[in-house]
$ cat start30.cif   # mmCIF, C-alpha atoms; chains and numbers go by the auth columns
data_upload
#
loop_
_atom_site.group_PDB
_atom_site.id
_atom_site.type_symbol
_atom_site.label_atom_id
_atom_site.label_comp_id
_atom_site.label_asym_id
_atom_site.label_seq_id
_atom_site.Cartn_x
_atom_site.Cartn_y
_atom_site.Cartn_z
_atom_site.B_iso_or_equiv
_atom_site.auth_seq_id
_atom_site.auth_asym_id
ATOM 1 C CA MET A 1 88.681 116.714 75.665 0.00 1 A
ATOM 2 C CA ALA A 2 85.862 119.261 75.884 0.00 2 A
ATOM 3 C CA GLU A 3 83.609 117.252 78.190 0.00 3 A
ATOM 4 C CA ALA A 4 84.582 115.643 81.479 0.00 4 A
ATOM 5 C CA PRO A 5 85.681 112.071 80.768 0.00 5 A
ATOM 6 C CA ALA A 6 83.416 109.227 81.806 0.00 6 A
ATOM 7 C CA TYR A 7 84.848 106.194 83.575 0.00 7 A
ATOM 8 C CA VAL A 8 84.079 102.508 83.609 0.00 8 A
ATOM 9 C CA ILE A 9 85.324 100.493 86.584 0.00 9 A
ATOM 10 C CA LEU A 10 86.170 96.849 86.079 0.00 10 A
ATOM 11 C CA GLY A 11 85.882 94.840 89.282 0.00 11 A
ATOM 12 C CA ARG A 12 83.544 94.246 92.195 0.00 12 A
ATOM 13 C CA GLY A 13 85.853 94.050 95.207 0.00 13 A
ATOM 14 C CA ARG A 14 86.821 96.455 97.968 0.00 14 A
ATOM 15 C CA TRP A 15 88.949 98.651 95.696 0.00 15 A
ATOM 16 C CA ALA A 16 86.230 99.035 93.086 0.00 16 A
ATOM 17 C CA ARG A 17 83.814 100.038 95.840 0.00 17 A
ATOM 18 C CA LYS A 18 86.310 102.636 97.056 0.00 18 A
ATOM 19 C CA ILE A 19 87.071 104.142 93.653 0.00 19 A
ATOM 20 C CA LEU A 20 83.450 104.491 92.503 0.00 20 A
ATOM 21 C CA PRO A 21 82.398 107.195 95.024 0.00 21 A
ATOM 22 C CA ILE A 22 85.695 109.030 94.543 0.00 22 A
ATOM 23 C CA ILE A 23 85.018 109.332 90.815 0.00 23 A
ATOM 24 C CA ALA A 24 81.434 110.396 91.509 0.00 24 A
ATOM 25 C CA GLY A 25 82.687 112.961 94.008 0.00 25 A
ATOM 26 C CA GLU A 26 84.716 114.564 91.217 0.00 26 A
ATOM 27 C CA LYS A 27 81.489 114.927 89.203 0.00 27 A
ATOM 28 C CA ARG A 28 82.501 112.260 86.699 0.00 28 A
ATOM 29 C CA SER A 29 80.076 109.619 85.535 0.00 29 A
ATOM 30 C CA ALA A 30 81.067 106.025 86.179 0.00 30 A
ATOM 31 C CA THR A 31 79.625 102.632 85.368 0.00 31 A
ATOM 32 C CA VAL A 32 80.795 99.259 86.658 0.00 32 A
ATOM 33 C CA ILE A 33 81.555 95.966 84.924 0.00 33 A
ATOM 34 C CA GLU A 34 81.598 93.394 87.710 0.00 34 A
ATOM 35 C CA GLU A 35 82.146 90.246 85.665 0.00 35 A
ATOM 36 C CA THR A 36 85.811 90.442 84.718 0.00 36 A
ATOM 37 C CA ARG A 37 87.155 86.907 85.084 0.00 37 A
ATOM 38 C CA GLN A 38 88.074 84.748 82.156 0.00 38 A
ATOM 39 C CA ARG A 39 85.568 81.926 81.897 0.00 39 A
ATOM 40 C CA ALA A 40 86.437 78.262 81.883 0.00 40 A
ATOM 41 C CA ALA A 41 87.378 77.144 78.358 0.00 41 A
ATOM 42 C CA GLU A 42 87.232 80.774 77.124 0.00 42 A
ATOM 43 C CA THR A 43 90.189 81.548 74.877 0.00 43 A
ATOM 44 C CA SER A 44 92.278 84.616 75.547 0.00 44 A
ATOM 45 C CA GLN A 45 91.035 86.295 72.364 0.00 45 A
ATOM 46 C CA ALA A 46 87.399 85.518 73.213 0.00 46 A
ATOM 47 C CA TYR A 47 87.973 86.965 76.692 0.00 47 A
ATOM 48 C CA VAL A 48 89.528 90.135 75.260 0.00 48 A
ATOM 49 C CA SER A 49 86.684 90.508 72.757 0.00 49 A
ATOM 50 C CA ARG A 50 84.009 90.062 75.425 0.00 50 A
ATOM 51 C CA LEU A 51 85.548 92.657 77.708 0.00 51 A
ATOM 52 C CA ALA A 52 86.145 95.050 74.811 0.00 52 A
ATOM 53 C CA GLU A 53 82.478 94.871 73.809 0.00 53 A
ATOM 54 C CA ALA A 54 81.383 95.511 77.393 0.00 54 A
ATOM 55 C CA MET A 55 83.688 98.515 77.655 0.00 55 A
ATOM 56 C CA LYS A 56 82.492 99.919 74.341 0.00 56 A
ATOM 57 C CA ALA A 57 78.904 99.566 75.517 0.00 57 A
ATOM 58 C CA SER A 58 79.702 101.624 78.628 0.00 58 A
ATOM 59 C CA ARG A 59 80.386 104.665 76.398 0.00 59 A
ATOM 60 C CA ALA A 60 83.203 105.599 78.800 0.00 60 A
ATOM 61 C CA HIS A 61 86.481 107.290 77.943 0.00 61 A
ATOM 62 C CA ILE A 62 88.648 105.742 80.687 0.00 62 A
ATOM 63 C CA ALA A 63 88.643 102.190 82.015 0.00 63 A
ATOM 64 C CA TRP A 64 89.906 101.760 85.577 0.00 64 A
ATOM 65 C CA LEU A 65 90.963 98.165 86.227 0.00 65 A
ATOM 66 C CA CYS A 66 90.169 97.704 89.915 0.00 66 A
ATOM 67 C CA VAL A 67 91.282 94.102 90.015 0.00 67 A
ATOM 68 C CA ALA A 68 94.180 92.282 91.631 0.00 68 A
ATOM 69 C CA PRO A 69 97.342 92.414 89.525 0.00 69 A
ATOM 70 C CA GLY A 70 98.308 89.286 87.629 0.00 70 A
ATOM 71 C CA PRO A 71 98.713 87.816 84.143 0.00 71 A
ATOM 72 C CA HIS A 72 95.074 88.558 83.293 0.00 72 A
ATOM 73 C CA VAL A 73 95.699 92.304 83.536 0.00 73 A
ATOM 74 C CA SER A 74 97.630 92.462 80.252 0.00 74 A
ATOM 75 C CA LEU A 75 94.608 90.956 78.496 0.00 75 A
ATOM 76 C CA MET A 76 92.302 93.447 80.214 0.00 76 A
ATOM 77 C CA VAL A 77 94.517 96.354 79.122 0.00 77 A
ATOM 78 C CA GLN A 78 94.434 95.006 75.576 0.00 78 A
ATOM 79 C CA ALA A 79 90.641 94.832 75.743 0.00 79 A
ATOM 80 C CA GLY A 80 90.402 98.428 76.922 0.00 80 A
ATOM 81 C CA LEU A 81 92.669 99.660 74.147 0.00 81 A
ATOM 82 C CA GLU A 82 90.816 97.657 71.511 0.00 82 A
ATOM 83 C CA ALA A 83 87.608 99.229 72.802 0.00 83 A
ATOM 84 C CA GLY A 84 89.155 102.665 72.222 0.00 84 A
ATOM 85 C CA LEU A 85 89.506 103.598 75.901 0.00 85 A
ATOM 86 C CA HIS A 86 92.345 104.964 77.961 0.00 86 A
ATOM 87 C CA VAL A 87 93.234 102.562 80.777 0.00 87 A
ATOM 88 C CA ILE A 88 94.280 102.972 84.422 0.00 88 A
ATOM 89 C CA VAL A 89 95.933 99.887 85.927 0.00 89 A
ATOM 90 C CA GLU A 90 96.640 99.120 89.575 0.00 90 A
ATOM 91 C CA LYS A 91 100.221 98.476 90.631 0.00 91 A
ATOM 92 C CA PRO A 92 102.352 96.395 90.806 0.00 92 A
ATOM 93 C CA TRP A 93 102.898 95.833 87.096 0.00 93 A
ATOM 94 C CA TYR A 94 103.472 92.122 86.419 0.00 94 A
ATOM 95 C CA GLY A 95 103.514 92.371 82.633 0.00 95 A
ATOM 96 C CA SER A 96 106.567 90.958 80.892 0.00 96 A
ATOM 97 C CA ALA A 97 108.870 93.091 78.747 0.00 97 A
ATOM 98 C CA GLU A 98 107.208 91.548 75.689 0.00 98 A
ATOM 99 C CA ASP A 99 103.706 92.277 76.983 0.00 99 A
ATOM 100 C CA THR A 100 104.731 95.818 77.827 0.00 100 A
ATOM 101 C CA GLU A 101 106.084 96.485 74.337 0.00 101 A
ATOM 102 C CA ARG A 102 103.021 94.922 72.716 0.00 102 A
ATOM 103 C CA LEU A 103 100.638 97.070 74.750 0.00 103 A
ATOM 104 C CA LYS A 104 102.714 100.210 74.167 0.00 104 A
ATOM 105 C CA ALA A 105 102.509 99.608 70.424 0.00 105 A
ATOM 106 C CA LEU A 106 98.757 99.053 70.615 0.00 106 A
ATOM 107 C CA ALA A 107 98.275 102.195 72.710 0.00 107 A
ATOM 108 C CA ARG A 108 100.292 104.249 70.196 0.00 108 A
ATOM 109 C CA ALA A 109 98.328 102.813 67.290 0.00 109 A
ATOM 110 C CA ARG A 110 95.020 103.665 68.981 0.00 110 A
ATOM 111 C CA GLY A 111 96.176 107.023 70.343 0.00 111 A
ATOM 112 C CA ARG A 112 95.391 105.951 73.867 0.00 112 A
ATOM 113 C CA LEU A 113 97.052 106.199 77.284 0.00 113 A
ATOM 114 C CA VAL A 114 97.860 103.401 79.714 0.00 114 A
ATOM 115 C CA ALA A 115 98.554 104.732 83.225 0.00 115 A
ATOM 116 C CA ILE A 116 99.796 102.654 86.148 0.00 116 A
ATOM 117 C CA HIS A 117 98.349 103.846 89.443 0.00 117 A
ATOM 118 C CA PHE A 118 101.405 104.825 91.504 0.00 118 A
ATOM 119 C CA GLU A 119 99.484 107.343 93.556 0.00 119 A
ATOM 120 C CA TYR A 120 102.347 108.715 95.672 0.00 120 A
ATOM 121 C CA LEU A 121 103.991 110.221 92.605 0.00 121 A
ATOM 122 C CA VAL A 122 101.480 113.075 92.889 0.00 122 A
ATOM 123 C CA HIS A 123 102.259 113.651 96.572 0.00 123 A
ATOM 124 C CA ARG A 124 103.467 117.259 96.783 0.00 124 A
ATOM 125 C CA GLU A 125 106.617 116.422 98.744 0.00 125 A
ATOM 126 C CA VAL A 126 107.554 113.622 96.334 0.00 126 A
ATOM 127 C CA GLU A 127 107.169 116.058 93.446 0.00 127 A
ATOM 128 C CA ASN A 128 109.407 118.487 95.364 0.00 128 A
ATOM 129 C CA TRP A 129 112.036 115.774 95.775 0.00 129 A
ATOM 130 C CA ARG A 130 112.131 115.395 92.004 0.00 130 A
ATOM 131 C CA LYS A 131 112.724 119.135 91.661 0.00 131 A
ATOM 132 C CA ASP A 132 115.306 119.349 94.443 0.00 132 A
ATOM 133 C CA PHE A 133 117.236 116.054 94.313 0.00 133 A
ATOM 134 C CA HIS A 134 116.807 114.441 90.862 0.00 134 A
ATOM 135 C CA PRO A 135 118.561 112.300 89.736 0.00 135 A
ATOM 136 C CA GLY A 136 119.924 111.526 93.199 0.00 136 A
ATOM 137 C CA THR A 137 123.579 110.849 92.382 0.00 137 A
ATOM 138 C CA GLY A 138 125.522 110.326 95.610 0.00 138 A
ATOM 139 C CA LEU A 139 122.360 109.845 97.688 0.00 139 A
ATOM 140 C CA ARG A 140 120.980 106.796 99.482 0.00 140 A
ATOM 141 C CA PHE A 141 117.248 106.020 99.476 0.00 141 A
ATOM 142 C CA GLY A 142 115.268 104.112 102.093 0.00 142 A
ATOM 143 C CA GLY A 143 111.649 103.434 102.876 0.00 143 A
ATOM 144 C CA HIS A 144 109.233 101.642 105.166 0.00 144 A
ATOM 145 C CA PHE A 145 105.665 100.810 104.206 0.00 145 A
ATOM 146 C CA PHE A 146 103.780 98.981 106.951 0.00 146 A
ATOM 147 C CA LEU A 147 100.017 98.393 107.088 0.00 147 A
ATOM 148 C CA GLY A 148 98.226 97.836 110.360 0.00 148 A
ATOM 149 C CA ARG A 149 95.723 95.455 108.780 0.00 149 A
ATOM 150 C CA ALA A 150 95.952 92.009 107.283 0.00 150 A
ATOM 151 C CA ASP A 151 96.632 91.477 103.602 0.00 151 A
ATOM 152 C CA ARG A 152 93.542 91.824 101.403 0.00 152 A
ATOM 153 C CA SER A 153 95.244 91.486 98.058 0.00 153 A
ATOM 154 C CA GLY A 154 96.961 88.111 98.122 0.00 154 A
ATOM 155 C CA ILE A 155 100.113 89.899 96.948 0.00 155 A
ATOM 156 C CA PRO A 156 103.394 89.778 98.917 0.00 156 A
ATOM 157 C CA ALA A 157 103.998 92.979 100.856 0.00 157 A
ATOM 158 C CA ILE A 158 107.289 93.653 99.076 0.00 158 A
ATOM 159 C CA ASP A 159 105.421 93.687 95.743 0.00 159 A
ATOM 160 C CA ASN A 160 102.209 95.390 96.834 0.00 160 A
ATOM 161 C CA LEU A 161 103.726 98.011 99.131 0.00 161 A
ATOM 162 C CA GLY A 162 107.322 97.985 97.960 0.00 162 A
ATOM 163 C CA SER A 163 106.255 98.965 94.459 0.00 163 A
ATOM 164 C CA HIS A 164 105.103 102.308 95.906 0.00 164 A
ATOM 165 C CA LEU A 165 108.502 102.887 97.493 0.00 165 A
ATOM 166 C CA MET A 166 110.440 101.848 94.412 0.00 166 A
ATOM 167 C CA ALA A 167 108.222 104.058 92.235 0.00 167 A
ATOM 168 C CA ILE A 168 109.067 107.068 94.420 0.00 168 A
ATOM 169 C CA ARG A 169 112.790 106.320 94.059 0.00 169 A
ATOM 170 C CA GLU A 170 112.514 105.799 90.277 0.00 170 A
ATOM 171 C CA PHE A 171 110.541 109.023 89.882 0.00 171 A
ATOM 172 C CA ALA A 172 112.491 111.326 92.189 0.00 172 A
ATOM 173 C CA VAL A 173 116.002 109.942 92.752 0.00 173 A
ATOM 174 C CA PRO A 174 116.635 107.046 90.319 0.00 174 A
ATOM 175 C CA ALA A 175 120.421 107.279 90.712 0.00 175 A
ATOM 176 C CA ALA A 176 120.270 106.955 94.508 0.00 176 A
ATOM 177 C CA GLU A 177 121.613 103.777 96.067 0.00 177 A
ATOM 178 C CA ILE A 178 119.018 101.795 98.019 0.00 178 A
ATOM 179 C CA SER A 179 119.839 101.578 101.718 0.00 179 A
ATOM 180 C CA GLU A 180 116.776 99.586 102.777 0.00 180 A
ATOM 181 C CA ILE A 181 113.207 98.837 101.815 0.00 181 A
ATOM 182 C CA LYS A 182 111.007 97.185 104.412 0.00 182 A
ATOM 183 C CA CYS A 183 107.340 96.305 103.905 0.00 183 A
ATOM 184 C CA ALA A 184 104.864 94.308 105.970 0.00 184 A
ATOM 185 C CA TYR A 185 101.217 93.758 106.778 0.00 185 A
ATOM 186 C CA GLU A 186 99.867 93.696 110.340 0.00 186 A
ATOM 187 C CA ARG A 187 102.400 96.124 111.728 0.00 187 A
ATOM 188 C CA PRO A 188 101.726 99.627 113.070 0.00 188 A
ATOM 189 C CA ASP A 189 101.020 101.941 110.140 0.00 189 A
ATOM 190 C CA GLU A 190 104.113 103.607 108.770 0.00 190 A
ATOM 191 C CA ARG A 191 104.690 105.076 105.306 0.00 191 A
ATOM 192 C CA LEU A 192 108.028 106.786 105.351 0.00 192 A
ATOM 193 C CA VAL A 193 110.706 107.459 102.738 0.00 193 A
ATOM 194 C CA TRP A 194 114.019 109.215 103.252 0.00 194 A
ATOM 195 C CA ILE A 195 117.229 110.109 101.501 0.00 195 A
ATOM 196 C CA GLU A 196 120.692 110.315 103.008 0.00 196 A
ATOM 197 C CA ARG A 197 123.770 112.275 101.965 0.00 197 A
ATOM 198 C CA ASN A 198 127.228 111.576 103.449 0.00 198 A
ATOM 199 C CA GLY A 199 125.726 109.372 106.129 0.00 199 A
ATOM 200 C CA GLN A 200 123.219 111.994 107.274 0.00 200 A
ATOM 201 C CA ARG A 201 119.502 112.082 106.584 0.00 201 A
ATOM 202 C CA ALA A 202 118.929 114.888 104.095 0.00 202 A
ATOM 203 C CA ALA A 203 115.139 114.677 103.777 0.00 203 A
ATOM 204 C CA SER A 204 112.200 112.472 104.669 0.00 204 A
ATOM 205 C CA ILE A 205 108.534 112.264 103.779 0.00 205 A
ATOM 206 C CA ASN A 206 105.743 110.859 105.917 0.00 206 A
ATOM 207 C CA LEU A 207 103.418 109.620 103.180 0.00 207 A
ATOM 208 C CA LEU A 208 100.515 109.411 105.624 0.00 208 A
ATOM 209 C CA LYS A 209 100.465 113.204 105.658 0.00 209 A
ATOM 210 C CA GLY A 210 99.263 115.171 102.653 0.00 210 A
ATOM 211 C CA SER A 211 97.598 112.183 101.006 0.00 211 A
ATOM 212 C CA GLU A 212 93.972 112.997 101.793 0.00 212 A
ATOM 213 C CA ARG A 213 92.951 113.639 98.159 0.00 213 A
ATOM 214 C CA ILE A 214 95.722 111.756 96.465 0.00 214 A
ATOM 215 C CA ILE A 215 93.493 109.548 94.306 0.00 215 A
ATOM 216 C CA GLN A 216 91.566 112.593 93.121 0.00 216 A
ATOM 217 C CA ASN A 217 94.905 114.173 92.220 0.00 217 A
ATOM 218 C CA VAL A 218 95.834 111.056 90.248 0.00 218 A
ATOM 219 C CA MET A 219 92.620 111.523 88.277 0.00 219 A
ATOM 220 C CA LYS A 220 93.546 115.125 87.535 0.00 220 A
ATOM 221 C CA LYS A 221 97.016 114.083 86.421 0.00 221 A
ATOM 222 C CA VAL A 222 95.699 111.349 84.122 0.00 222 A
ATOM 223 C CA GLU A 223 93.068 113.654 82.637 0.00 223 A
ATOM 224 C CA ALA A 224 95.751 116.284 82.018 0.00 224 A
ATOM 225 C CA GLU A 225 97.761 113.638 80.174 0.00 225 A
ATOM 226 C CA LEU A 226 94.825 113.139 77.827 0.00 226 A
ATOM 227 C CA GLU A 227 95.399 116.749 76.801 0.00 227 A
ATOM 228 C CA GLY A 228 99.103 116.178 76.203 0.00 228 A
ATOM 229 C CA ALA A 229 100.733 116.718 79.605 0.00 229 A
ATOM 230 C CA ALA A 230 103.771 114.589 80.464 0.00 230 A
ATOM 231 C CA SER A 231 103.027 111.257 82.133 0.00 231 A
ATOM 232 C CA PRO A 232 104.738 109.908 85.262 0.00 232 A
ATOM 233 C CA PHE A 233 102.605 106.768 85.078 0.00 233 A
ATOM 234 C CA ASP A 234 103.392 105.109 81.753 0.00 234 A
ATOM 235 C CA LEU A 235 104.213 101.481 80.987 0.00 235 A
ATOM 236 C CA ASP A 236 107.934 102.117 80.519 0.00 236 A
ATOM 237 C CA PHE A 237 108.073 103.584 84.009 0.00 237 A
ATOM 238 C CA ALA A 238 106.078 100.674 85.448 0.00 238 A
ATOM 239 C CA LEU A 239 108.425 98.139 83.869 0.00 239 A
ATOM 240 C CA ARG A 240 111.472 99.962 85.249 0.00 240 A
ATOM 241 C CA VAL A 241 109.939 99.924 88.727 0.00 241 A
ATOM 242 C CA ALA A 242 109.188 96.195 88.435 0.00 242 A
ATOM 243 C CA ASN A 243 112.708 95.436 87.230 0.00 243 A
ATOM 244 C CA GLN A 244 114.318 97.496 89.988 0.00 244 A
ATOM 245 C CA LEU A 245 112.137 95.857 92.634 0.00 245 A
ATOM 246 C CA ASN A 246 112.919 92.375 91.336 0.00 246 A
ATOM 247 C CA ALA A 247 116.640 93.176 91.345 0.00 247 A
ATOM 248 C CA TYR A 248 116.385 94.414 94.939 0.00 248 A
ATOM 249 C CA LYS A 249 114.529 91.263 96.009 0.00 249 A
ATOM 250 C CA ALA A 250 117.236 89.134 94.421 0.00 250 A
ATOM 251 C CA ARG A 251 119.968 91.021 96.331 0.00 251 A
ATOM 252 C CA CYS A 252 118.076 91.247 99.620 0.00 252 A
ATOM 253 C CA PRO A 253 115.708 88.262 99.964 0.00 253 A
ATOM 254 C CA ALA A 254 113.261 88.510 102.847 0.00 254 A
#
$ encode --input "start30.cif" --output "structure tokens"
Amino acid sequence: MAEAPAYVILGRGRWARKILPIIAGEKRSATVIEETRQRAAETSQAYVSRLAEAMKASRAHIAWLCVAPGPHVSLMVQAGLEAGLHVIVEKPWYGSAEDTERLKALARARGRLVAIHFEYLVHREVENWRKDFHPGTGLRFGGHFFLGRADRSGIPAIDNLGSHLMAIREFAVPAAEISEIKCAYERPDERLVWIERNGQRAASINLLKGSERIIQNVMKKVEAELEGAASPFDLDFALRVANQLNAYKARCPA
């Protein structure tokens, strides 16, 4: 892509307001579509068509869905792809296996990318783990993700925060056994992952350190993927993370 890609943000909440100046700070143009909810009595296809037309009119290259995850997101991804845009989606991914396959096929047909925003995969130490420890056979993985503030998403902490932890495991050490994953709101901030070997801690990462420009680095990674670089953010990966997290929740209910 010769020119810097333009973005369109879908959403009007706190996250949309955070992402907009970050995109602008990277000298990318960005517009906002605030009205993203499906209207009463609006069919799914009418909803997809309306959003697709709005995204086309933005003349953007990348749609960033800054909305709470849920069943509506699959329709929004479809709208972005039908509009001819690449799409960035917030985690956790709640799309079914069938939805995931359908959207993958549509993305392939349109030559477009769907990226799930697992931002810690671009953390330098997480990338080093993948180099040094992948696939993690014989290791044990653990993580804590605690936020000092109240929930703003309406999503259970194990889904909202645990998806970050499970994504790190799936990316860096997918063969590692899970020792523990603990997530909570309104607890002193802690974002820590570690791996153990033979009962001893082999490595740990404080995710609060080195994350100052992590969203900007996600943008760089996604834009590189538009030029053919390998993607750590694709729908297959997101579905694996969701399946692994659901299996963990079934084994270790809160």
$ residues_around --input "start30.cif" --residues "Glu186 of chain A" --least-positions-apart "5" --cutoff "10 Å" --atoms "only C-alpha atoms" --output "list in words"
Phe146, Leu147, Gly148, Arg149, Ala150 and Asp151 of chain A
$ residues_around --input "start30.cif" --residues "Val87 of chain A" --least-positions-apart "4" --cutoff "6 Å" --atoms "only C-alpha atoms" --output "list in words"
Ile62, Ala63, Trp64 and Val114 of chain A
$ write_last_selection --input "start30.cif" --atoms "C-alpha atoms" --output "PDB file, in the frame of the given file"
ATOM      1  CA  ILE A  62      88.648 105.742  80.687  1.00  0.00           C
ATOM      2  CA  ALA A  63      88.643 102.190  82.015  1.00  0.00           C
ATOM      3  CA  TRP A  64      89.906 101.760  85.577  1.00  0.00           C
ATOM      4  CA  VAL A 114      97.860 103.401  79.714  1.00  0.00           C
TER       5      VAL A 114
END
$ closest_residue --input "start30.cif" --among "A:Cys183, A:Val77, A:Leu208, A:Ala202" --to "Lys249 of chain A" --atoms "only C-alpha atoms"
A:Cys183
$ resolve_selection --input "start30.cif" --expression "the PyMOL selection byres ((chain A and resi 219) around 10)" --output "list in words"
Ile22, Ile23, Glu26, Ile88, His117, Glu119, Ile214, Ile215, Gln216, Asn217, Val218, Lys220, Lys221, Val222, Glu223, Ala224 and Glu225 of chain A
$ residues_around --input "start30.cif" --residues "Ala184 of chain A" --least-positions-apart "4" --cutoff "12 Å" --atoms "all atoms listed in the file" --output "PyMOL selection string"
chain A and resi 143-151+155-162+188-191+254
$ resolve_selection --input "start30.cif" --expression "the PyMOL selection byres ((chain A and resi 231-245) around 10)" --output "PyMOL selection string"
chain A and resi 88-89+91-97+100-101+103-104+113-119+121-122+158-159+162-171+174+181+218+221-222+224-226+228-230+246-251
$ decode --input "start30.cif" --residues "segment 70-102 of chain A" --atoms "C-alpha atoms" --output "mmCIF file, in the first residue's frame"
data_model
loop_
_atom_site.group_PDB
_atom_site.id
_atom_site.type_symbol
_atom_site.label_atom_id
_atom_site.label_comp_id
_atom_site.auth_asym_id
_atom_site.auth_seq_id
_atom_site.Cartn_x
_atom_site.Cartn_y
_atom_site.Cartn_z
ATOM 1 C CA GLY A 70 -20.889 -9.927 21.288
ATOM 2 C CA PRO A 71 -22.980 -11.590 18.579
ATOM 3 C CA HIS A 72 -23.334 -8.302 16.686
ATOM 4 C CA VAL A 73 -19.593 -8.210 15.994
ATOM 5 C CA SER A 74 -19.739 -10.982 13.381
ATOM 6 C CA LEU A 75 -22.277 -8.910 11.443
ATOM 7 C CA MET A 76 -20.076 -5.824 11.756
ATOM 8 C CA VAL A 77 -17.058 -7.761 10.457
ATOM 9 C CA GLN A 78 -19.163 -8.963 7.538
ATOM 10 C CA ALA A 79 -20.184 -5.375 6.811
ATOM 11 C CA GLY A 80 -16.574 -4.213 6.816
ATOM 12 C CA LEU A 81 -15.511 -6.975 4.450
ATOM 13 C CA GLU A 82 -18.443 -6.347 2.126
ATOM 14 C CA ALA A 83 -17.422 -2.690 2.085
ATOM 15 C CA GLY A 84 -13.944 -3.759 0.944
ATOM 16 C CA LEU A 85 -12.137 -2.836 4.172
ATOM 17 C CA HIS A 86 -9.706 -4.667 6.387
ATOM 18 C CA VAL A 87 -11.119 -5.050 9.900
ATOM 19 C CA ILE A 88 -9.650 -4.876 13.415
ATOM 20 C CA VAL A 89 -11.828 -6.481 16.097
ATOM 21 C CA GLU A 90 -11.551 -6.179 19.869
ATOM 22 C CA LYS A 91 -11.071 -9.334 21.910
ATOM 23 C CA PRO A 92 -12.494 -11.623 23.191
ATOM 24 C CA TRP A 93 -13.745 -13.338 20.049
ATOM 25 C CA TYR A 94 -17.269 -14.684 20.624
ATOM 26 C CA GLY A 95 -17.891 -15.817 17.056
ATOM 27 C CA SER A 96 -18.903 -19.437 16.598
ATOM 28 C CA ALA A 97 -16.836 -21.898 14.566
ATOM 29 C CA GLU A 98 -19.386 -21.501 11.766
ATOM 30 C CA ASP A 99 -19.228 -17.703 11.897
ATOM 31 C CA THR A 100 -15.448 -17.839 11.917
ATOM 32 C CA GLU A 101 -15.298 -20.047 8.826
ATOM 33 C CA ARG A 102 -17.869 -17.906 7.020
#
